[in-house]
Every structure is written in structure tokens, then in C-alpha cells.
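Undergrad: run32.txt (compact mmCIF, N, CA and C atoms and all ligand atoms) pasted underneath:
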```
# COMPACT_ATOMS: atom_id res chain seq x y z
N MET A 757 -8.56 26.03 -92.47
CA MET A 757 -9.35 25.17 -91.64
C MET A 757 -10.84 25.49 -91.77
N ILE A 758 -11.31 26.54 -91.12
CA ILE A 758 -12.74 26.80 -91.19
C ILE A 758 -13.02 27.85 -92.25
N MET A 759 -13.88 27.49 -93.18
CA MET A 759 -14.23 28.42 -94.23
C MET A 759 -15.43 29.24 -93.77
N ALA A 760 -15.33 30.53 -93.94
CA ALA A 760 -16.43 31.37 -93.49
C ALA A 760 -16.90 32.28 -94.62
N ASP A 761 -18.18 32.44 -94.68
CA ASP A 761 -18.76 33.35 -95.64
C ASP A 761 -19.59 34.34 -94.85
N SER A 762 -19.58 35.59 -95.28
CA SER A 762 -20.25 36.61 -94.48
C SER A 762 -21.76 36.48 -94.52
N ARG A 763 -22.28 35.79 -95.53
CA ARG A 763 -23.74 35.69 -95.62
C ARG A 763 -24.27 34.34 -95.16
N VAL A 764 -23.60 33.28 -95.57
CA VAL A 764 -24.09 31.95 -95.25
C VAL A 764 -23.22 31.32 -94.16
N VAL A 765 -23.85 30.94 -93.06
CA VAL A 765 -23.12 30.28 -91.99
C VAL A 765 -23.47 28.79 -92.04
N SER A 766 -22.47 27.98 -92.28
CA SER A 766 -22.72 26.54 -92.39
C SER A 766 -23.10 25.96 -91.04
N PRO A 767 -23.85 24.86 -91.04
CA PRO A 767 -24.27 24.24 -89.77
C PRO A 767 -23.09 23.89 -88.88
N GLU A 768 -21.98 23.42 -89.48
CA GLU A 768 -20.87 23.03 -88.62
C GLU A 768 -20.15 24.24 -88.03
N LEU A 769 -20.14 25.34 -88.78
CA LEU A 769 -19.53 26.55 -88.23
C LEU A 769 -20.40 27.09 -87.10
N LEU A 770 -21.71 27.03 -87.31
CA LEU A 770 -22.62 27.48 -86.26
C LEU A 770 -22.46 26.62 -85.02
N ALA A 771 -22.33 25.31 -85.24
CA ALA A 771 -22.14 24.39 -84.11
C ALA A 771 -20.86 24.72 -83.36
N THR A 772 -19.83 25.06 -84.13
CA THR A 772 -18.56 25.44 -83.51
C THR A 772 -18.71 26.70 -82.68
N MET A 773 -19.42 27.68 -83.23
CA MET A 773 -19.61 28.93 -82.50
C MET A 773 -20.38 28.71 -81.20
N VAL A 774 -21.45 27.90 -81.30
CA VAL A 774 -22.24 27.61 -80.11
C VAL A 774 -21.37 26.90 -79.07
N ASP A 775 -20.53 26.02 -79.59
CA ASP A 775 -19.61 25.27 -78.74
C ASP A 775 -18.63 26.18 -78.02
N LEU A 776 -18.24 27.25 -78.69
CA LEU A 776 -17.24 28.16 -78.13
C LEU A 776 -17.85 29.22 -77.23
N LEU A 777 -19.18 29.37 -77.30
CA LEU A 777 -19.85 30.42 -76.54
C LEU A 777 -19.43 30.50 -75.07
N PRO A 778 -19.37 29.36 -74.37
CA PRO A 778 -19.02 29.44 -72.95
C PRO A 778 -17.58 29.89 -72.70
N THR A 779 -16.70 29.80 -73.72
CA THR A 779 -15.29 30.11 -73.48
C THR A 779 -14.83 31.44 -74.06
N VAL A 780 -15.50 31.93 -75.08
CA VAL A 780 -15.03 33.20 -75.65
C VAL A 780 -15.41 34.38 -74.77
N GLY A 781 -14.56 35.39 -74.78
CA GLY A 781 -14.80 36.55 -73.94
C GLY A 781 -15.76 37.54 -74.58
N SER A 782 -15.80 37.55 -75.89
CA SER A 782 -16.67 38.49 -76.57
C SER A 782 -17.05 37.97 -77.95
N LEU A 783 -18.12 38.56 -78.49
CA LEU A 783 -18.54 38.15 -79.83
C LEU A 783 -17.48 38.54 -80.86
N ARG A 784 -16.71 39.58 -80.55
CA ARG A 784 -15.66 39.98 -81.49
C ARG A 784 -14.59 38.89 -81.60
N ASP A 785 -14.37 38.17 -80.51
CA ASP A 785 -13.42 37.06 -80.57
C ASP A 785 -13.93 36.00 -81.54
N LEU A 786 -15.24 35.78 -81.51
CA LEU A 786 -15.82 34.81 -82.43
C LEU A 786 -15.67 35.28 -83.88
N CYS A 787 -15.78 36.59 -84.06
CA CYS A 787 -15.57 37.16 -85.40
C CYS A 787 -14.14 36.87 -85.85
N ALA A 788 -13.19 37.10 -84.94
CA ALA A 788 -11.78 36.89 -85.27
C ALA A 788 -11.53 35.43 -85.61
N ILE A 789 -12.18 34.54 -84.88
CA ILE A 789 -11.96 33.10 -85.07
C ILE A 789 -12.63 32.62 -86.36
N THR A 790 -13.83 33.11 -86.61
CA THR A 790 -14.61 32.57 -87.72
C THR A 790 -14.47 33.38 -89.01
N GLY A 791 -14.07 34.65 -88.88
CA GLY A 791 -13.99 35.50 -90.05
C GLY A 791 -15.34 36.09 -90.44
N LEU A 792 -16.35 35.85 -89.59
CA LEU A 792 -17.68 36.39 -89.86
C LEU A 792 -17.77 37.82 -89.35
N ARG A 793 -18.76 38.53 -89.85
CA ARG A 793 -18.99 39.89 -89.36
C ARG A 793 -19.72 39.84 -88.03
N LEU A 794 -19.53 40.91 -87.25
CA LEU A 794 -20.16 40.96 -85.92
C LEU A 794 -21.67 40.81 -86.03
N GLY A 795 -22.26 41.49 -87.01
CA GLY A 795 -23.72 41.43 -87.18
C GLY A 795 -24.19 40.01 -87.45
N THR A 796 -23.39 39.29 -88.23
CA THR A 796 -23.74 37.90 -88.56
C THR A 796 -23.65 37.02 -87.33
N VAL A 797 -22.56 37.17 -86.60
CA VAL A 797 -22.36 36.38 -85.38
C VAL A 797 -23.50 36.65 -84.40
N ARG A 798 -23.82 37.94 -84.23
CA ARG A 798 -24.87 38.32 -83.30
C ARG A 798 -26.21 37.71 -83.72
N ARG A 799 -26.51 37.80 -85.01
CA ARG A 799 -27.78 37.31 -85.52
C ARG A 799 -27.89 35.79 -85.36
N GLU A 800 -26.82 35.08 -85.72
CA GLU A 800 -26.85 33.62 -85.69
C GLU A 800 -26.93 33.07 -84.27
N LEU A 801 -26.28 33.78 -83.35
CA LEU A 801 -26.20 33.26 -81.99
C LEU A 801 -27.34 33.73 -81.09
N ALA A 802 -28.06 34.74 -81.55
CA ALA A 802 -29.14 35.31 -80.72
C ALA A 802 -30.11 34.25 -80.19
N PRO A 803 -30.59 33.34 -81.05
CA PRO A 803 -31.54 32.32 -80.53
C PRO A 803 -30.92 31.42 -79.47
N PHE A 804 -29.64 31.10 -79.65
CA PHE A 804 -28.98 30.21 -78.69
C PHE A 804 -28.78 30.92 -77.35
N LEU A 805 -28.39 32.21 -77.44
CA LEU A 805 -28.19 32.97 -76.21
C LEU A 805 -29.53 33.17 -75.50
N ALA A 806 -30.60 33.34 -76.29
CA ALA A 806 -31.92 33.52 -75.69
C ALA A 806 -32.33 32.27 -74.92
N ILE A 807 -32.04 31.12 -75.51
CA ILE A 807 -32.37 29.84 -74.85
C ILE A 807 -31.54 29.67 -73.58
N MET A 808 -30.23 30.00 -73.70
CA MET A 808 -29.35 29.90 -72.54
C MET A 808 -29.86 30.79 -71.41
N LYS A 809 -30.31 31.98 -71.80
CA LYS A 809 -30.81 32.94 -70.82
C LYS A 809 -32.04 32.36 -70.10
N LEU A 810 -32.94 31.78 -70.88
CA LEU A 810 -34.14 31.19 -70.30
C LEU A 810 -33.80 30.06 -69.34
N GLN A 811 -32.75 29.33 -69.70
CA GLN A 811 -32.37 28.17 -68.88
C GLN A 811 -31.45 28.58 -67.73
N GLY A 812 -31.14 29.85 -67.66
CA GLY A 812 -30.24 30.32 -66.61
C GLY A 812 -28.81 29.88 -66.85
N ALA A 813 -28.50 29.56 -68.10
CA ALA A 813 -27.17 29.06 -68.43
C ALA A 813 -26.40 30.03 -69.32
N HIS A 814 -26.87 31.28 -69.39
CA HIS A 814 -26.17 32.27 -70.20
C HIS A 814 -24.78 32.50 -69.62
N PRO A 815 -23.73 32.50 -70.48
CA PRO A 815 -22.39 32.78 -69.97
C PRO A 815 -22.36 34.14 -69.27
N GLN A 816 -21.64 34.19 -68.17
CA GLN A 816 -21.60 35.43 -67.42
C GLN A 816 -20.30 36.18 -67.68
N CYS A 817 -20.41 37.49 -67.70
CA CYS A 817 -19.23 38.33 -67.81
C CYS A 817 -18.60 38.45 -66.42
N GLY A 818 -17.31 38.73 -66.38
CA GLY A 818 -16.64 38.90 -65.11
C GLY A 818 -17.21 40.04 -64.27
N CYS A 819 -17.90 40.95 -64.92
CA CYS A 819 -18.44 42.11 -64.21
C CYS A 819 -19.80 41.81 -63.60
N GLY A 820 -20.36 40.64 -63.89
CA GLY A 820 -21.64 40.27 -63.30
C GLY A 820 -22.80 40.35 -64.25
N LYS A 821 -22.61 41.03 -65.40
CA LYS A 821 -23.71 41.07 -66.38
C LYS A 821 -23.64 39.82 -67.26
N ASP A 822 -24.66 39.66 -68.10
CA ASP A 822 -24.58 38.61 -69.11
C ASP A 822 -23.40 38.89 -70.01
N ARG A 823 -22.64 37.86 -70.35
CA ARG A 823 -21.52 38.09 -71.24
C ARG A 823 -22.01 38.59 -72.60
N PHE A 824 -21.16 39.27 -73.29
CA PHE A 824 -21.45 39.87 -74.60
C PHE A 824 -22.32 41.12 -74.46
N HIS A 825 -22.41 41.64 -73.23
CA HIS A 825 -23.19 42.87 -73.07
C HIS A 825 -22.49 44.00 -73.82
N PRO A 826 -23.27 44.98 -74.29
CA PRO A 826 -22.68 46.06 -75.10
C PRO A 826 -21.94 47.09 -74.25
N TYR A 827 -21.30 48.00 -74.94
CA TYR A 827 -20.66 49.19 -74.35
C TYR A 827 -19.44 48.87 -73.49
N GLY A 828 -18.69 47.83 -73.86
CA GLY A 828 -17.44 47.58 -73.15
C GLY A 828 -17.66 47.08 -71.74
N CYS A 829 -16.56 46.85 -71.05
CA CYS A 829 -16.68 46.21 -69.75
C CYS A 829 -15.53 46.60 -68.85
N VAL A 830 -15.79 46.68 -67.55
CA VAL A 830 -14.74 47.02 -66.60
C VAL A 830 -13.83 45.83 -66.34
N ASP A 831 -14.33 44.63 -66.65
CA ASP A 831 -13.58 43.43 -66.33
C ASP A 831 -12.61 43.05 -67.45
N SER A 832 -11.44 43.65 -67.43
CA SER A 832 -10.49 43.43 -68.52
C SER A 832 -9.89 42.02 -68.46
N VAL A 833 -9.85 41.43 -67.29
CA VAL A 833 -9.28 40.09 -67.15
C VAL A 833 -10.09 39.09 -67.96
N ALA A 834 -11.40 39.23 -67.87
CA ALA A 834 -12.28 38.32 -68.59
C ALA A 834 -12.04 38.42 -70.09
N LYS A 835 -11.62 39.61 -70.53
CA LYS A 835 -11.42 39.80 -71.96
C LYS A 835 -10.05 39.30 -72.40
N ALA A 836 -9.07 39.39 -71.51
CA ALA A 836 -7.71 39.01 -71.89
C ALA A 836 -7.53 37.49 -71.86
N GLY A 837 -8.26 36.82 -70.97
CA GLY A 837 -8.03 35.40 -70.79
C GLY A 837 -8.58 34.46 -71.85
N PRO A 838 -9.88 34.34 -71.93
CA PRO A 838 -10.50 33.28 -72.71
C PRO A 838 -10.13 33.18 -74.19
N PRO A 839 -9.95 34.30 -74.92
CA PRO A 839 -9.75 34.15 -76.36
C PRO A 839 -8.62 33.20 -76.75
N LYS A 840 -7.52 33.21 -75.98
CA LYS A 840 -6.40 32.33 -76.32
C LYS A 840 -6.83 30.87 -76.18
N VAL A 841 -7.60 30.60 -75.15
CA VAL A 841 -8.10 29.24 -74.95
C VAL A 841 -8.95 28.83 -76.13
N ALA A 842 -9.87 29.73 -76.50
CA ALA A 842 -10.76 29.41 -77.60
C ALA A 842 -9.97 29.18 -78.88
N ALA A 843 -8.97 30.01 -79.12
CA ALA A 843 -8.18 29.88 -80.34
C ALA A 843 -7.44 28.55 -80.36
N SER A 844 -6.94 28.14 -79.21
CA SER A 844 -6.20 26.88 -79.19
C SER A 844 -7.15 25.70 -79.37
N ILE A 845 -8.33 25.82 -78.80
CA ILE A 845 -9.34 24.77 -78.99
C ILE A 845 -9.66 24.64 -80.47
N LEU A 846 -9.83 25.78 -81.10
CA LEU A 846 -10.20 25.78 -82.51
C LEU A 846 -9.05 25.28 -83.38
N GLU A 847 -7.85 25.64 -82.98
CA GLU A 847 -6.67 25.21 -83.73
C GLU A 847 -6.57 23.68 -83.68
N ARG A 848 -6.76 23.14 -82.48
CA ARG A 848 -6.68 21.69 -82.33
C ARG A 848 -7.79 21.02 -83.14
N ARG A 849 -8.97 21.63 -83.07
CA ARG A 849 -10.09 21.06 -83.82
C ARG A 849 -9.77 21.05 -85.32
N GLY A 850 -9.13 22.11 -85.79
CA GLY A 850 -8.76 22.17 -87.19
C GLY A 850 -7.79 21.06 -87.55
N SER A 851 -6.84 20.80 -86.65
CA SER A 851 -5.87 19.73 -86.89
C SER A 851 -6.57 18.38 -86.95
N VAL A 852 -7.47 18.15 -86.00
CA VAL A 852 -8.18 16.86 -85.96
C VAL A 852 -8.99 16.69 -87.23
N ILE A 853 -9.70 17.74 -87.61
CA ILE A 853 -10.58 17.65 -88.79
C ILE A 853 -9.76 17.39 -90.05
N SER A 854 -8.62 18.05 -90.18
CA SER A 854 -7.85 17.82 -91.40
C SER A 854 -7.30 16.40 -91.44
N MET A 855 -6.96 15.85 -90.26
CA MET A 855 -6.49 14.46 -90.22
C MET A 855 -7.64 13.49 -90.49
N LEU A 856 -8.82 13.84 -89.99
CA LEU A 856 -10.00 13.00 -90.27
C LEU A 856 -10.25 12.96 -91.76
N LEU A 857 -10.15 14.14 -92.39
CA LEU A 857 -10.40 14.22 -93.83
C LEU A 857 -9.34 13.46 -94.61
N ALA A 858 -8.14 13.36 -94.03
CA ALA A 858 -7.07 12.64 -94.71
C ALA A 858 -7.27 11.12 -94.56
N GLY A 859 -8.25 10.74 -93.74
CA GLY A 859 -8.55 9.31 -93.56
C GLY A 859 -7.69 8.65 -92.50
N ASP A 860 -7.03 9.44 -91.68
CA ASP A 860 -6.18 8.86 -90.63
C ASP A 860 -7.02 8.08 -89.62
N ARG A 861 -6.39 7.08 -89.02
CA ARG A 861 -7.09 6.30 -88.00
C ARG A 861 -7.31 7.14 -86.76
N PHE A 862 -8.42 6.90 -86.04
CA PHE A 862 -8.73 7.68 -84.84
C PHE A 862 -7.57 7.60 -83.84
N VAL A 863 -7.05 6.40 -83.65
CA VAL A 863 -5.99 6.20 -82.65
C VAL A 863 -4.73 6.98 -83.05
N ASP A 864 -4.47 7.04 -84.36
CA ASP A 864 -3.29 7.78 -84.82
C ASP A 864 -3.46 9.28 -84.58
N ILE A 865 -4.68 9.76 -84.78
CA ILE A 865 -4.95 11.19 -84.57
C ILE A 865 -4.80 11.52 -83.08
N ASP A 866 -5.38 10.67 -82.23
CA ASP A 866 -5.26 10.87 -80.78
C ASP A 866 -3.80 10.95 -80.38
N ASN A 867 -3.02 10.01 -80.90
CA ASN A 867 -1.59 9.95 -80.53
C ASN A 867 -0.82 11.15 -81.07
N ALA A 868 -1.08 11.47 -82.34
CA ALA A 868 -0.32 12.54 -82.98
C ALA A 868 -0.55 13.88 -82.31
N LEU A 869 -1.79 14.10 -81.83
CA LEU A 869 -2.12 15.41 -81.26
C LEU A 869 -2.13 15.39 -79.74
N GLY A 870 -1.78 14.24 -79.15
CA GLY A 870 -1.74 14.16 -77.70
C GLY A 870 -3.11 14.28 -77.06
N LEU A 871 -4.13 13.76 -77.74
CA LEU A 871 -5.49 13.82 -77.19
C LEU A 871 -5.74 12.63 -76.29
N TYR A 872 -6.78 12.73 -75.48
CA TYR A 872 -7.18 11.57 -74.69
C TYR A 872 -7.66 10.49 -75.66
N PRO A 873 -7.50 9.22 -75.28
CA PRO A 873 -7.97 8.14 -76.15
C PRO A 873 -9.44 8.33 -76.52
N LYS A 874 -9.76 7.99 -77.72
CA LYS A 874 -11.13 8.07 -78.25
C LYS A 874 -11.64 9.50 -78.40
N SER A 875 -10.75 10.48 -78.43
CA SER A 875 -11.19 11.86 -78.61
C SER A 875 -11.51 12.16 -80.07
N ALA A 876 -10.62 11.71 -80.95
CA ALA A 876 -10.74 12.09 -82.36
C ALA A 876 -12.10 11.72 -82.94
N ARG A 877 -12.61 10.55 -82.53
CA ARG A 877 -13.89 10.07 -83.06
C ARG A 877 -15.00 11.10 -82.82
N LYS A 878 -14.93 11.80 -81.69
CA LYS A 878 -15.99 12.75 -81.35
C LYS A 878 -16.02 13.94 -82.31
N TYR A 879 -14.90 14.18 -82.98
CA TYR A 879 -14.85 15.32 -83.88
C TYR A 879 -15.58 15.06 -85.20
N LEU A 880 -16.04 13.84 -85.37
CA LEU A 880 -16.79 13.51 -86.59
C LEU A 880 -18.02 14.40 -86.72
N ARG A 881 -18.54 14.85 -85.59
CA ARG A 881 -19.76 15.65 -85.65
C ARG A 881 -19.54 17.02 -86.27
N PHE A 882 -18.27 17.41 -86.41
CA PHE A 882 -18.00 18.70 -87.03
C PHE A 882 -17.89 18.59 -88.55
N LEU A 883 -17.95 17.36 -89.04
CA LEU A 883 -17.82 17.17 -90.49
C LEU A 883 -19.18 17.24 -91.17
N THR A 884 -19.19 17.80 -92.34
CA THR A 884 -20.41 17.82 -93.15
C THR A 884 -20.57 16.43 -93.77
N PRO A 885 -21.79 16.12 -94.25
CA PRO A 885 -21.99 14.82 -94.92
C PRO A 885 -20.98 14.61 -96.05
N GLU A 886 -20.68 15.68 -96.79
CA GLU A 886 -19.71 15.57 -97.88
C GLU A 886 -18.33 15.21 -97.32
N GLN A 887 -17.96 15.85 -96.21
CA GLN A 887 -16.64 15.58 -95.61
C GLN A 887 -16.58 14.16 -95.06
N LEU A 888 -17.71 13.70 -94.50
CA LEU A 888 -17.75 12.33 -93.99
C LEU A 888 -17.56 11.34 -95.13
N ALA A 889 -18.19 11.62 -96.27
CA ALA A 889 -18.06 10.75 -97.43
C ALA A 889 -16.61 10.75 -97.92
N GLU A 890 -16.01 11.94 -97.88
CA GLU A 890 -14.60 12.08 -98.29
C GLU A 890 -13.71 11.24 -97.37
N ARG A 891 -13.99 11.32 -96.06
CA ARG A 891 -13.20 10.53 -95.13
C ARG A 891 -13.37 9.03 -95.39
N ASP A 892 -14.62 8.62 -95.59
CA ASP A 892 -14.87 7.20 -95.87
C ASP A 892 -14.06 6.73 -97.07
N ARG A 893 -14.03 7.59 -98.09
CA ARG A 893 -13.31 7.24 -99.32
C ARG A 893 -11.81 7.08 -99.02
N LYS A 894 -11.26 8.03 -98.23
CA LYS A 894 -9.84 7.99 -97.89
C LYS A 894 -9.50 6.76 -97.04
N VAL A 895 -10.44 6.41 -96.16
CA VAL A 895 -10.20 5.25 -95.29
C VAL A 895 -10.13 3.98 -96.13
N VAL A 896 -11.06 3.86 -97.07
CA VAL A 896 -11.06 2.69 -97.96
C VAL A 896 -9.76 2.67 -98.76
N GLU A 897 -9.37 3.85 -99.22
CA GLU A 897 -8.13 3.99 -99.99
C GLU A 897 -6.93 3.52 -99.17
N ARG A 898 -6.90 3.98 -97.92
CA ARG A 898 -5.79 3.62 -97.02
C ARG A 898 -5.74 2.11 -96.80
N GLN A 899 -6.93 1.55 -96.56
CA GLN A 899 -6.97 0.12 -96.25
C GLN A 899 -6.59 -0.75 -97.45
N SER A 900 -6.77 -0.18 -98.64
CA SER A 900 -6.42 -0.98 -99.83
C SER A 900 -4.97 -0.73 -100.26
N ASN A 901 -4.31 0.23 -99.59
CA ASN A 901 -2.89 0.49 -99.85
C ASN A 901 -2.09 0.45 -98.55
N PRO A 902 -1.93 -0.74 -97.98
CA PRO A 902 -1.30 -0.86 -96.66
C PRO A 902 0.10 -0.26 -96.61
N SER A 903 0.80 -0.23 -97.75
CA SER A 903 2.18 0.25 -97.74
C SER A 903 2.26 1.74 -97.46
N GLU A 904 1.16 2.44 -97.69
CA GLU A 904 1.20 3.90 -97.53
C GLU A 904 0.64 4.37 -96.20
N THR A 905 0.29 3.43 -95.32
CA THR A 905 -0.36 3.85 -94.08
C THR A 905 0.62 4.43 -93.07
N SER A 906 1.80 3.85 -92.98
CA SER A 906 2.73 4.33 -91.97
C SER A 906 3.56 5.49 -92.50
N LYS A 907 3.92 6.40 -91.56
CA LYS A 907 4.72 7.51 -92.03
C LYS A 907 6.14 7.41 -91.50
ZN ZN B 1 -18.81 42.91 -68.33
```
Written as C-alpha cells, that's how I'd like the structure from this file.

TA:
Amino acid sequence: MIMADSRVVSPELLATMVDLLPTVGSLRDLCAITGLRLGTVRRELAPFLAIMKLQGAHPQCGCGKDRFHPYGCVDSVAKAGPPKVAASILERRGSVISMLLAGDRFVDIDNALGLYPKSARKYLRFLTPEQLAERDRKVVERQSNPSETSK
């Protein structure tokens, strides 16, 4: 699903990480999800966390400090809970994206994955321009081969 490189973080991966910031319990969870190194995650997210901090919107740790604070935490509940949620969010996103790339109709993706109506369309923002072009090509392909649309 998500390709990660330790040196180059793609815009869509960064967008995903920023998106997950409010739900992940620690930066290490983001490492586990993205396959990036902790130093990379920390470096890439630092500007976003700084902005959140300025806006008073920095995610909070269960212990009362800013989340992602160093040296461990007394609040083990906060650490045990969120990662599973984040992983499932990411898993679903991966499913939607692969179906988008396959050229599936938005309504079919919503139905197949049990999403709310018109959800799949919103995932287009996670696609790179190349992936969007690939989807467009698949959609044209599908529309010109009606016999292969239904499964
Ligand atoms: Zn804490």
C-alpha cells in the first residue's frame, strides 16, 4: 500500500502522517505505519507540530503534556489505544486507494468497503498526479469494456 523511503518522504505520505497525527499515540506508531525512521518522522512533522502548538491545537498526551513528549509516559492507556485505530484507518485507506487505482467506480468502492456514501471520492487527494492519471486511464478502459465491469 504505502511505499516509504527513509530519505524521501512523498507529499501524499506526509499528508497521511499529518492526517494521522491527532490519532496516533506516539511517533513510533507512525514509524511502524509508514516504515520511516523515527528521525525522519520527527523532522518531517516538526513544522506541523509547531504550527499546531501555536494554534493551541497540538495533540495532547493522556498525562497532560503535549503528545509525543520524550522519555516515555505514565499514561499507558493513551499508548495502548490509538495505534489500532490509526492502523485500521490506514488499512482502509490502502484498500480505497488500490480500488481507485483499479478504476473502480466511487459508489462501488463505498459499497464494497462499507463506507458512507461519497466517501471514496475524498480519497482522491491521497493520489499523486501519476496515480490520478493511472486511474483516469483505467476508468476509460472500464467504460470501453462494459462486459468486464461487473464482478
Ligand atoms: Zn504523556

Undergrad: Calculate how many Å separate atom CA of Phe882 of chain A from atom CA of Ile865 of chain A, rounding to one decimal.

TA: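 Distance reported for this atom pair: 15.3 Å.
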
Undergrad: Leaving out Ile789 of chain A and any residue of its chain fewer than 5 positions from it, which residues lie within 8 Å of it when counting only N, CA and C atoms, given as JSON, numbers by chain?

TA: {"A": [758, 783, 784, 842, 843, 846]}

Undergrad: Could I get the residue neighbourhood of ligand ZN 1 (chain B) at 6 Å, counting only C-alpha atoms and all ligand atoms, as a PyMOL selection string?

TA: chain A and resi 817-819+821+829+831

Undergrad: Which of these, A:Lys894, A:Arg793, A:Arg881, A:Asn901, has the shortest distance to Pro767 of chain A once you count only C-alpha atoms?

TA: A:Arg881

Undergrad: To one decimal in Å, tell me the separation between atom CA of Val774 of chain A and atom CA of Ala802 of chain A.

TA: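 Those two atoms sit 10.4 Å apart.
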
Undergrad: One number please: atom CA of Gly859 of chain A to atom CA of Arg891 of chain A, in Å, one decimal.

TA: 5.1 Å

Undergrad: Identify which of the residues A:Gly870, A:Cys787, A:Met773, A:Val780 lies closest to Leu801 of chain A, counting only N, CA and C atoms when measuring atom-to-atom distances.

TA: A:Met773

Undergrad: Which of these residues is nearest to Arg848 of chain A, using only N, CA and C atoms: A:Leu769, A:Gly828, A:Leu869, A:Asp785?

TA: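 So, comparing all the options, the nearest one is A:Leu869.
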
Undergrad: Counting only C-alpha atoms, which residues come within 10 Å of (-27.3, 35.8, -75.7), with the point read in the file's coordinates, and could you list them as a VMD selection string?

TA: chain A and resid 777 783 798 to 799 801 to 810 813 to 815 822 to 825

Undergrad: Using DSSP assignments from the backbone, pull out every residue in chain A that falls under alpha helix (DSSP H) and give it to me as number ranges by chain.

TA: A: 767-776, 783-790, 794-810, 832-836, 838-857, 862-869, 885-900

Undergrad: From the list A:Thr790, A:Leu857, A:Gly812, A:Ser900, which residue is nearest Thr884 of chain A when using only C-alpha atoms?

TA: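 Nearest candidate to Thr884 of chain A out of A:Thr790, A:Leu857, A:Gly812, A:Ser900: A:Leu857.
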
Undergrad: Which residues, written as a list in words, have at least one atom at most 12 Å from Val896 of chain A, with only C-alpha atoms counted and residues fewer than 5 positions away on the same chain left out?

TA: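 The residues that qualify are Ala858, Gly859, Asp860, Arg861, Ala889, Glu890, Arg891, Asn901, Pro902 and Thr905 of chain A.
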
Undergrad: Using only C-alpha atoms for the distances, tell me which of A:Pro826, A:Val764, A:Gly781, A:Ser854 is nearest to Thr796 of chain A.

TA: A:Val764

Undergrad: Looking at only N, CA and C atoms, which of A:Ile845, A:Leu794, A:Leu856, A:Val830 is the one that sits closest to Leu888 of chain A?

TA: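 Comparing A:Ile845, A:Leu794, A:Leu856, A:Val830 against Leu888 of chain A, the winner is A:Leu856.
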